[in-house]
>>> print(open('target21.tsv').read())   # TSV, C-alpha atoms
chain	number	residue	atom	x	y	z
A	1	MET	CA	121.75	9.00	29.66
A	2	ALA	CA	124.75	9.08	27.31
A	3	SER	CA	128.38	10.05	27.57
A	4	GLY	CA	128.37	13.54	29.08
A	5	VAL	CA	124.55	13.86	29.11
A	6	PHE	CA	122.88	13.76	32.52
A	7	ILE	CA	119.25	14.11	33.60
A	8	LEU	CA	117.89	14.89	37.05
A	9	LEU	CA	114.50	13.20	37.01
A	10	ASP	CA	111.43	14.89	38.46
A	11	LYS	CA	110.19	11.57	39.97
A	12	ARG	CA	106.68	12.81	39.11
A	13	ILE	CA	106.74	15.32	41.97
A	14	PRO	CA	104.45	18.30	41.27
A	15	LEU	CA	106.20	21.54	40.31
A	16	VAL	CA	109.54	19.76	39.88
A	17	PRO	CA	110.86	19.68	36.29
A	18	ASN	CA	113.23	17.31	34.57
A	19	ILE	CA	116.63	19.03	34.46
A	20	GLY	CA	119.44	18.39	31.99
A	21	ILE	CA	123.21	18.78	32.13
A	22	VAL	CA	125.20	18.46	28.91
A	23	VAL	CA	129.00	18.47	29.13
A	24	GLY	CA	131.37	19.63	26.43
A	25	ARG	CA	135.10	20.13	26.44
A	26	ASP	CA	134.77	23.86	27.22
A	27	ILE	CA	131.19	24.45	28.41
A	28	VAL	CA	128.70	22.62	30.60
A	29	LEU	CA	125.11	23.47	29.65
A	30	VAL	CA	122.39	23.32	32.32
A	31	ILE	CA	118.82	23.00	31.02
A	32	ASP	CA	116.43	24.43	33.64
A	33	CYS	CA	117.39	24.78	37.30
A	34	GLY	CA	114.15	24.20	39.18
A	35	LEU	CA	112.13	26.33	41.58
A	36	GLY	CA	113.96	28.42	44.13
A	37	ILE	CA	117.48	29.24	45.20
A	38	GLU	CA	118.27	25.94	46.92
A	39	SER	CA	117.34	23.92	43.84
A	40	ALA	CA	119.48	26.13	41.59
A	41	GLU	CA	122.43	25.93	43.99
A	42	ASP	CA	122.20	22.12	44.04
A	43	VAL	CA	122.05	21.94	40.24
A	44	LEU	CA	124.99	24.31	39.86
A	45	ALA	CA	127.06	22.31	42.34
A	46	LEU	CA	126.32	19.10	40.47
A	47	ALA	CA	127.23	20.66	37.11
A	48	ARG	CA	130.58	21.76	38.55
A	49	ARG	CA	131.26	18.26	39.91
A	50	LEU	CA	130.40	16.65	36.58
A	51	ALA	CA	132.38	19.18	34.55
A	52	PRO	CA	135.13	20.74	36.66
A	53	GLY	CA	136.78	23.77	35.12
A	54	ARG	CA	134.21	24.27	32.36
A	55	GLN	CA	132.29	27.49	31.80
A	56	VAL	CA	128.72	27.09	33.05
A	57	VAL	CA	125.83	28.16	30.82
A	58	LEU	CA	122.22	28.01	32.01
A	59	THR	CA	119.31	27.93	29.62
A	60	VAL	CA	115.65	27.90	30.62
A	61	THR	CA	113.10	26.14	28.42
A	62	HIS	CA	110.44	28.74	29.24
A	63	ASP	CA	109.57	31.38	31.80
A	64	HIS	CA	107.35	29.55	34.27
A	65	PRO	CA	108.77	29.68	37.80
A	66	GLU	CA	109.30	25.97	38.46
A	67	HIS	CA	111.76	25.82	35.57
A	68	GLY	CA	113.97	28.80	36.25
A	69	PHE	CA	113.09	31.03	39.21
A	70	GLY	CA	116.45	30.53	40.88
A	71	ALA	CA	118.52	31.54	37.86
A	72	GLN	CA	120.12	34.32	39.90
A	73	VAL	CA	122.47	31.66	41.32
A	74	PHE	CA	124.05	31.30	37.87
A	75	LYS	CA	124.57	35.01	37.29
A	76	SER	CA	127.98	35.13	38.92
A	77	ALA	CA	128.86	31.51	38.13
A	78	GLY	CA	128.56	31.66	34.35
A	79	ARG	CA	126.08	33.05	31.87
A	80	ILE	CA	122.40	32.67	31.09
A	81	TYR	CA	121.37	32.13	27.47
A	82	TYR	CA	117.99	31.85	25.76
A	83	ASN	CA	115.89	33.53	23.10
A	84	ALA	CA	114.86	37.16	22.81
A	85	LEU	CA	111.10	36.55	22.97
A	86	GLN	CA	111.56	34.71	26.27
A	87	LYS	CA	113.53	37.65	27.57
A	88	ASP	CA	110.81	40.13	26.56
A	89	TYR	CA	108.04	38.01	28.08
A	90	PHE	CA	110.00	37.57	31.29
A	91	ALA	CA	110.54	41.33	31.55
A	92	GLN	CA	106.80	41.95	31.13
A	93	THR	CA	105.38	39.18	33.30
A	94	GLY	CA	108.11	37.90	35.64
A	95	GLN	CA	106.84	39.79	38.68
A	96	LYS	CA	103.26	38.77	37.98
A	97	LEU	CA	104.28	35.12	37.65
A	98	LEU	CA	106.28	35.31	40.87
A	99	GLU	CA	103.39	36.78	42.84
A	100	GLY	CA	100.82	34.51	41.21
A	101	PHE	CA	102.72	31.30	41.88
A	102	ARG	CA	103.28	32.32	45.48
A	103	SER	CA	99.64	33.21	46.09
A	104	SER	CA	97.74	30.72	43.90
A	105	VAL	CA	99.90	27.74	42.93
A	106	LEU	CA	102.33	26.79	45.69
A	107	PRO	CA	100.95	25.04	48.79
A	108	ALA	CA	101.28	27.09	51.98
A	109	ASP	CA	104.21	25.01	53.25
A	110	HIS	CA	106.14	25.53	50.00
A	111	LYS	CA	105.72	29.27	49.50
A	112	TYR	CA	109.14	29.81	51.08
A	113	LEU	CA	110.69	28.40	47.87
A	114	LEU	CA	110.09	31.76	46.24
A	115	ASP	CA	111.57	33.79	49.08
A	116	ASN	CA	114.45	36.09	48.09
A	117	ILE	CA	114.01	35.44	44.37
A	118	VAL	CA	115.60	38.11	42.21
A	119	LEU	CA	114.16	38.15	38.69
A	120	THR	CA	117.25	37.56	36.56
A	121	PRO	CA	117.30	38.19	32.79
A	122	PRO	CA	119.70	36.38	30.43
A	123	ASP	CA	123.17	37.63	29.64
A	124	GLN	CA	122.78	36.75	25.97
A	125	THR	CA	119.89	35.95	23.63
A	126	TYR	CA	119.36	34.67	20.11
A	127	ASP	CA	116.78	35.94	17.61
A	128	GLN	CA	116.64	33.12	15.06
A	129	GLN	CA	114.25	30.17	15.07
A	130	ARG	CA	117.20	27.82	15.50
A	131	VAL	CA	120.82	28.25	16.59
A	132	MET	CA	123.71	25.97	17.48
A	133	LEU	CA	125.84	26.32	20.58
A	134	ASP	CA	129.30	24.74	20.55
A	135	LEU	CA	130.16	23.30	23.96
A	136	GLY	CA	133.56	22.20	22.71
A	137	GLY	CA	133.51	18.94	20.76
A	138	ARG	CA	129.73	18.80	21.15
A	139	GLN	CA	127.04	20.86	19.43
A	140	VAL	CA	123.60	21.47	20.86
A	141	GLU	CA	120.72	23.03	18.97
A	142	PHE	CA	118.15	25.49	20.31
A	143	ARG	CA	114.78	25.84	18.55
A	144	THR	CA	111.82	28.09	19.19
A	145	TRP	CA	108.49	28.66	17.49
A	146	GLY	CA	107.56	31.97	19.07
A	147	ARG	CA	104.42	31.98	21.17
A	148	ALA	CA	103.37	28.38	21.90
A	149	HIS	CA	102.88	27.07	25.46
A	150	THR	CA	104.36	30.43	26.45
A	151	PRO	CA	106.03	33.17	24.43
A	152	GLY	CA	109.49	31.91	23.54
A	153	ASP	CA	109.29	28.22	24.48
A	154	GLN	CA	112.45	26.52	23.32
A	155	ILE	CA	113.72	22.97	23.03
A	156	VAL	CA	117.31	21.84	23.35
A	157	PHE	CA	118.40	19.06	20.98
A	158	VAL	CA	121.63	17.09	21.35
A	159	PRO	CA	122.02	15.82	17.78
A	160	GLY	CA	124.91	13.40	18.36
A	161	GLU	CA	122.79	11.31	20.73
A	162	ARG	CA	119.42	12.47	19.36
A	163	ILE	CA	118.19	13.56	22.78
A	164	VAL	CA	115.62	16.34	22.97
A	165	PHE	CA	114.64	18.37	26.02
A	166	THR	CA	111.14	19.68	25.33
A	167	GLY	CA	110.29	21.80	28.36
A	168	ASP	CA	106.53	21.99	28.78
A	169	LEU	CA	105.79	21.54	25.10
A	170	ALA	CA	105.43	17.90	26.14
A	171	GLU	CA	104.61	16.07	29.36
A	172	GLU	CA	104.48	12.31	29.80
A	173	ARG	CA	101.18	10.74	30.95
A	174	MET	CA	100.04	14.18	32.03
A	175	PHE	CA	97.51	16.51	30.48
A	176	PRO	CA	99.33	19.31	28.66
A	177	ILE	CA	99.68	22.38	30.82
A	178	VAL	CA	97.13	24.80	29.36
A	179	PRO	CA	96.67	27.05	32.39
A	180	LEU	CA	94.25	29.95	32.19
A	181	PHE	CA	94.63	31.71	35.51
A	182	PRO	CA	94.00	35.42	34.78
A	183	PRO	CA	95.65	37.76	35.36
A	184	MET	CA	98.78	35.62	35.93
A	185	ILE	CA	98.53	33.54	32.74
A	186	THR	CA	96.02	34.14	29.96
A	187	ALA	CA	95.01	32.65	26.63
A	188	ASN	CA	97.01	35.40	24.93
A	189	ASP	CA	100.19	33.86	26.32
A	190	MET	CA	99.56	30.69	24.29
A	191	ASP	CA	99.12	29.70	20.67
A	192	ILE	CA	98.28	26.02	20.52
A	193	ALA	CA	98.47	25.93	16.71
A	194	ARG	CA	102.13	26.96	16.96
A	195	TRP	CA	102.56	24.55	19.87
A	196	GLU	CA	101.37	21.79	17.54
A	197	LEU	CA	103.77	22.99	14.83
A	198	GLY	CA	106.60	22.68	17.33
A	199	LEU	CA	105.55	19.13	18.18
A	200	ARG	CA	105.55	18.19	14.49
A	201	ASP	CA	109.02	19.65	14.05
A	202	ILE	CA	110.31	17.73	17.08
A	203	LEU	CA	109.09	14.49	15.52
A	204	LEU	CA	111.01	15.37	12.34
A	205	LEU	CA	114.19	15.40	14.43
A	206	GLU	CA	113.63	11.65	14.98
A	207	PRO	CA	114.76	11.73	18.63
A	208	ASN	CA	115.92	8.56	20.32
A	209	LEU	CA	115.11	9.97	23.75
A	210	VAL	CA	112.52	12.58	24.72
A	211	VAL	CA	112.98	14.40	28.02
A	212	PRO	CA	109.60	15.99	28.77
A	213	GLY	CA	109.17	19.00	31.00
A	214	HIS	CA	107.49	16.76	33.57
A	215	GLY	CA	107.05	13.01	33.72
A	216	SER	CA	109.01	9.94	32.72
A	217	LEU	CA	111.49	9.71	29.86
A	218	GLY	CA	110.46	8.05	26.63
A	219	GLY	CA	110.62	8.18	22.88
A	220	PRO	CA	108.76	10.01	20.11
A	221	GLU	CA	105.49	8.51	21.32
A	222	ILE	CA	105.43	11.20	24.04
A	223	ILE	CA	105.26	13.88	21.36
A	224	SER	CA	102.66	11.98	19.32
A	225	GLN	CA	100.44	11.54	22.37
A	226	VAL	CA	100.41	15.28	23.12
A	227	SER	CA	99.59	16.05	19.48
A	228	GLY	CA	96.84	13.44	19.49
A	229	TYR	CA	95.34	14.91	22.66
A	230	PHE	CA	95.09	18.36	21.13
A	231	GLN	CA	93.45	16.90	18.03
A	232	ASP	CA	90.97	14.96	20.17
A	233	VAL	CA	89.96	17.94	22.28
A	234	ARG	CA	89.63	20.24	19.27
A	235	GLN	CA	87.34	17.74	17.52
A	236	LEU	CA	85.25	17.04	20.62
A	237	VAL	CA	84.76	20.75	21.25
A	238	ARG	CA	83.61	21.28	17.67
A	239	THR	CA	80.97	18.59	17.93
A	240	ALA	CA	79.80	19.32	21.49
A	241	ASN	CA	77.00	21.65	22.56
A	242	GLY	CA	79.36	23.52	24.86
A	243	PRO	CA	82.13	23.05	27.43
A	244	ASP	CA	79.86	21.29	29.94
A	245	GLN	CA	80.72	18.74	32.60
A	246	ARG	CA	79.81	15.83	30.36
A	247	LEU	CA	82.44	16.88	27.82
A	248	LEU	CA	85.10	17.18	30.51
A	249	GLU	CA	84.25	13.71	31.80
A	250	GLU	CA	84.38	12.28	28.27
A	251	ILE	CA	87.87	13.65	27.73
A	252	ARG	CA	89.01	12.40	31.13
A	253	ALA	CA	87.73	8.92	30.30
A	254	LYS	CA	89.75	8.82	27.07
A	255	TYR	CA	92.98	9.28	29.05
A	256	PRO	CA	92.39	7.31	32.26
A	257	THR	CA	96.08	7.01	33.24
A	258	TRP	CA	96.99	10.67	32.73
A	259	GLU	CA	97.62	13.01	35.64
A	260	ASN	CA	96.73	16.67	36.27
A	261	SER	CA	93.17	16.59	34.96
A	262	GLU	CA	92.70	20.18	36.14
A	263	PHE	CA	94.19	21.22	32.79
A	264	ILE	CA	91.34	19.67	30.78
A	265	GLU	CA	88.87	22.48	31.38
A	266	PRO	CA	91.19	25.33	30.34
A	267	ALA	CA	92.08	23.39	27.19
A	268	VAL	CA	88.39	23.01	26.37
A	269	ARG	CA	87.83	26.72	26.98
A	270	TYR	CA	90.79	27.56	24.76
A	271	PHE	CA	89.52	25.46	21.86
A	272	SER	CA	85.98	26.80	22.36
A	273	GLN	CA	87.38	30.30	21.77
A	274	GLU	CA	89.45	29.06	18.83
A	275	THR	CA	86.36	27.80	17.06
>>> encode(input="target21.tsv", output="structure tokens")
Amino acid sequence: MASGVFILLDKRIPLVPNIGIVVGRDIVLVIDCGLGIESAEDVLALARRLAPGRQVVLTVTHDHPEHGFGAQVFKSAGRIYYNALQKDYFAQTGQKLLEGFRSSVLPADHKYLLDNIVLTPPDQTYDQQRVMLDLGGRQVEFRTWGRAHTPGDQIVFVPGERIVFTGDLAEERMFPIVPLFPPMITANDMDIARWELGLRDILLLEPNLVVPGHGSLGGPEIISQVSGYFQDVRQLVRTANGPDQRLLEEIRAKYPTWENSEFIEPAVRYFSQET
């Protein structure tokens, strides 16, 4: 997408994320590695071809399995780096997420993707809201807002080219992933007010290119559309008699081209509890 910045597109395939590779003089940074060992091995091999001889660093935008359950492949190849809250959440819930995705999310013919997964923590973490990582002649910025879509969501911003990798803080033409599947994922894992704060801060970065967690690439309008959706649902919930089917259909009709409508109901339930 720019000199030394590469993106493996998800092609709108469910449970496949957009993956980034950013090359510096000394370090090649991989942003998410996909679901399963084979995906991670393919991404690592590509990073090495694009940046021979560089140290490999993997970062994971957040702890949901399709973004980083395969990180074990990078343990001996380089180092894994993300924020401390992510690390703590992963330690507490990684096994539950692994079992839950295998039993409740993956189709039967894809459950093998989580075979032989070893839950792999980072080698190094940061504690600040924002830090810079020098790849050698190229700086990248990490930002987190604490508990948002998940505890420890982070974005990766390449300031020279103004490219931002959002993870699942933003999807393109998809309903934001607000999954409430107890006991795997609960409302306590999310704070949509902080999620919205993160979206506002991303807009202040004035990105030229937004790489969403899932969906097609675009500009700042992707961020604005997610923010607008949350505002719409919050307002509709406040004026409705309850989270009934009519409300769900009204929200669906407002976004006729968006995918993954199964996430409307949990968003409505979340905002009903918020109010």
>>> atom_distance(input="target21.tsv", atom1="atom CA of Met132 of chain A", atom2="atom CA of Gly36 of chain A")
28.5 Å
>>> closest_residue(input="target21.tsv", among="A:Val22, A:Ile251, A:Thr125, A:Met1", to="Val158 of chain A", atoms="only C-alpha atoms")
A:Val22
>>> atom_distance(input="target21.tsv", atom1="atom CA of Ala51 of chain A", atom2="atom CA of Arg138 of chain A")
13.7 Å
>>> atom_distance(input="target21.tsv", atom1="atom CA of Thr166 of chain A", atom2="atom CA of Asn116 of chain A")
28.3 Å
>>> closest_residue(input="target21.tsv", among="A:Ser3, A:Asn241, A:Ser227, A:Asn260", to="Met174 of chain A", atoms="all atoms listed in the file")
A:Asn260
>>> residues_around(input="target21.tsv", residues="Glu249 of chain A", least_positions_apart="2", cutoff="12 Å", atoms="only C-alpha atoms", output="count of residues only")
18
>>> closest_residue(input="target21.tsv", among="A:Gln95, A:Ser272, A:Thr59, A:Thr120", to="Ala187 of chain A", atoms="only C-alpha atoms")
A:Ser272
>>> residues_around(input="target21.tsv", residues="Leu85 of chain A", least_positions_apart="5", cutoff="12 Å", atoms="only C-alpha atoms", output="count of residues only")
24
>>> closest_residue(input="target21.tsv", among="A:Ile163, A:Ile177, A:Ile21, A:Leu217", to="Ala45 of chain A", atoms="all atoms listed in the file")
A:Ile21
>>> axis_aligned_box(input="target21.tsv", around="segment 118-127 of chain A", padding_each_side="3 Å", output="lines of an AutoDock Vina configuration file")
center_x = 118.7
center_y = 36.4
center_z = 29.9
size_x = 15.0
size_y = 9.5
size_z = 30.6
>>> residues_around(input="target21.tsv", residues="Pro17 of chain A", least_positions_apart="2", cutoff="7 Å", atoms="all atoms listed in the file", output="PyMOL selection string")
chain A and resi 10+15+19+34+66-67+213-214
>>> closest_residue(input="target21.tsv", among="A:Leu58, A:Ala240, A:Leu135, A:Val211", to="Asn18 of chain A", atoms="all atoms listed in the file")
A:Val211
>>> closest_residue(input="target21.tsv", among="A:Val23, A:Gly215, A:Phe142, A:Pro179", to="Leu9 of chain A", atoms="only C-alpha atoms")
A:Gly215
>>> residues_around(input="target21.tsv", residues="Glu141 of chain A", least_positions_apart="6", cutoff="10 Å", atoms="only C-alpha atoms", output="list in words")
Arg130, Val131, Met132, Leu133, Asp134, Gln154, Ile155, Val156, Phe157, Val158, Pro159 and Val164 of chain A
>>> residues_around(input="target21.tsv", residues="Leu113 of chain A", least_positions_apart="2", cutoff="7 Å", atoms="all atoms listed in the file", output="list in words")
Leu35, Gly36, His110, Lys111 and Asp115 of chain A
>>> write_last_selection(input="target21.tsv", atoms="C-alpha atoms", output="short mmCIF file (atom, residue, chain, number, x, y, z; two decimals), in the frame of the given file")
data_model
loop_
_atom_site.label_atom_id
_atom_site.label_comp_id
_atom_site.auth_asym_id
_atom_site.auth_seq_id
_atom_site.Cartn_x
_atom_site.Cartn_y
_atom_site.Cartn_z
CA LEU A 35 112.13 26.33 41.58
CA GLY A 36 113.96 28.42 44.13
CA HIS A 110 106.14 25.53 50.00
CA LYS A 111 105.72 29.27 49.50
CA ASP A 115 111.57 33.79 49.08
#
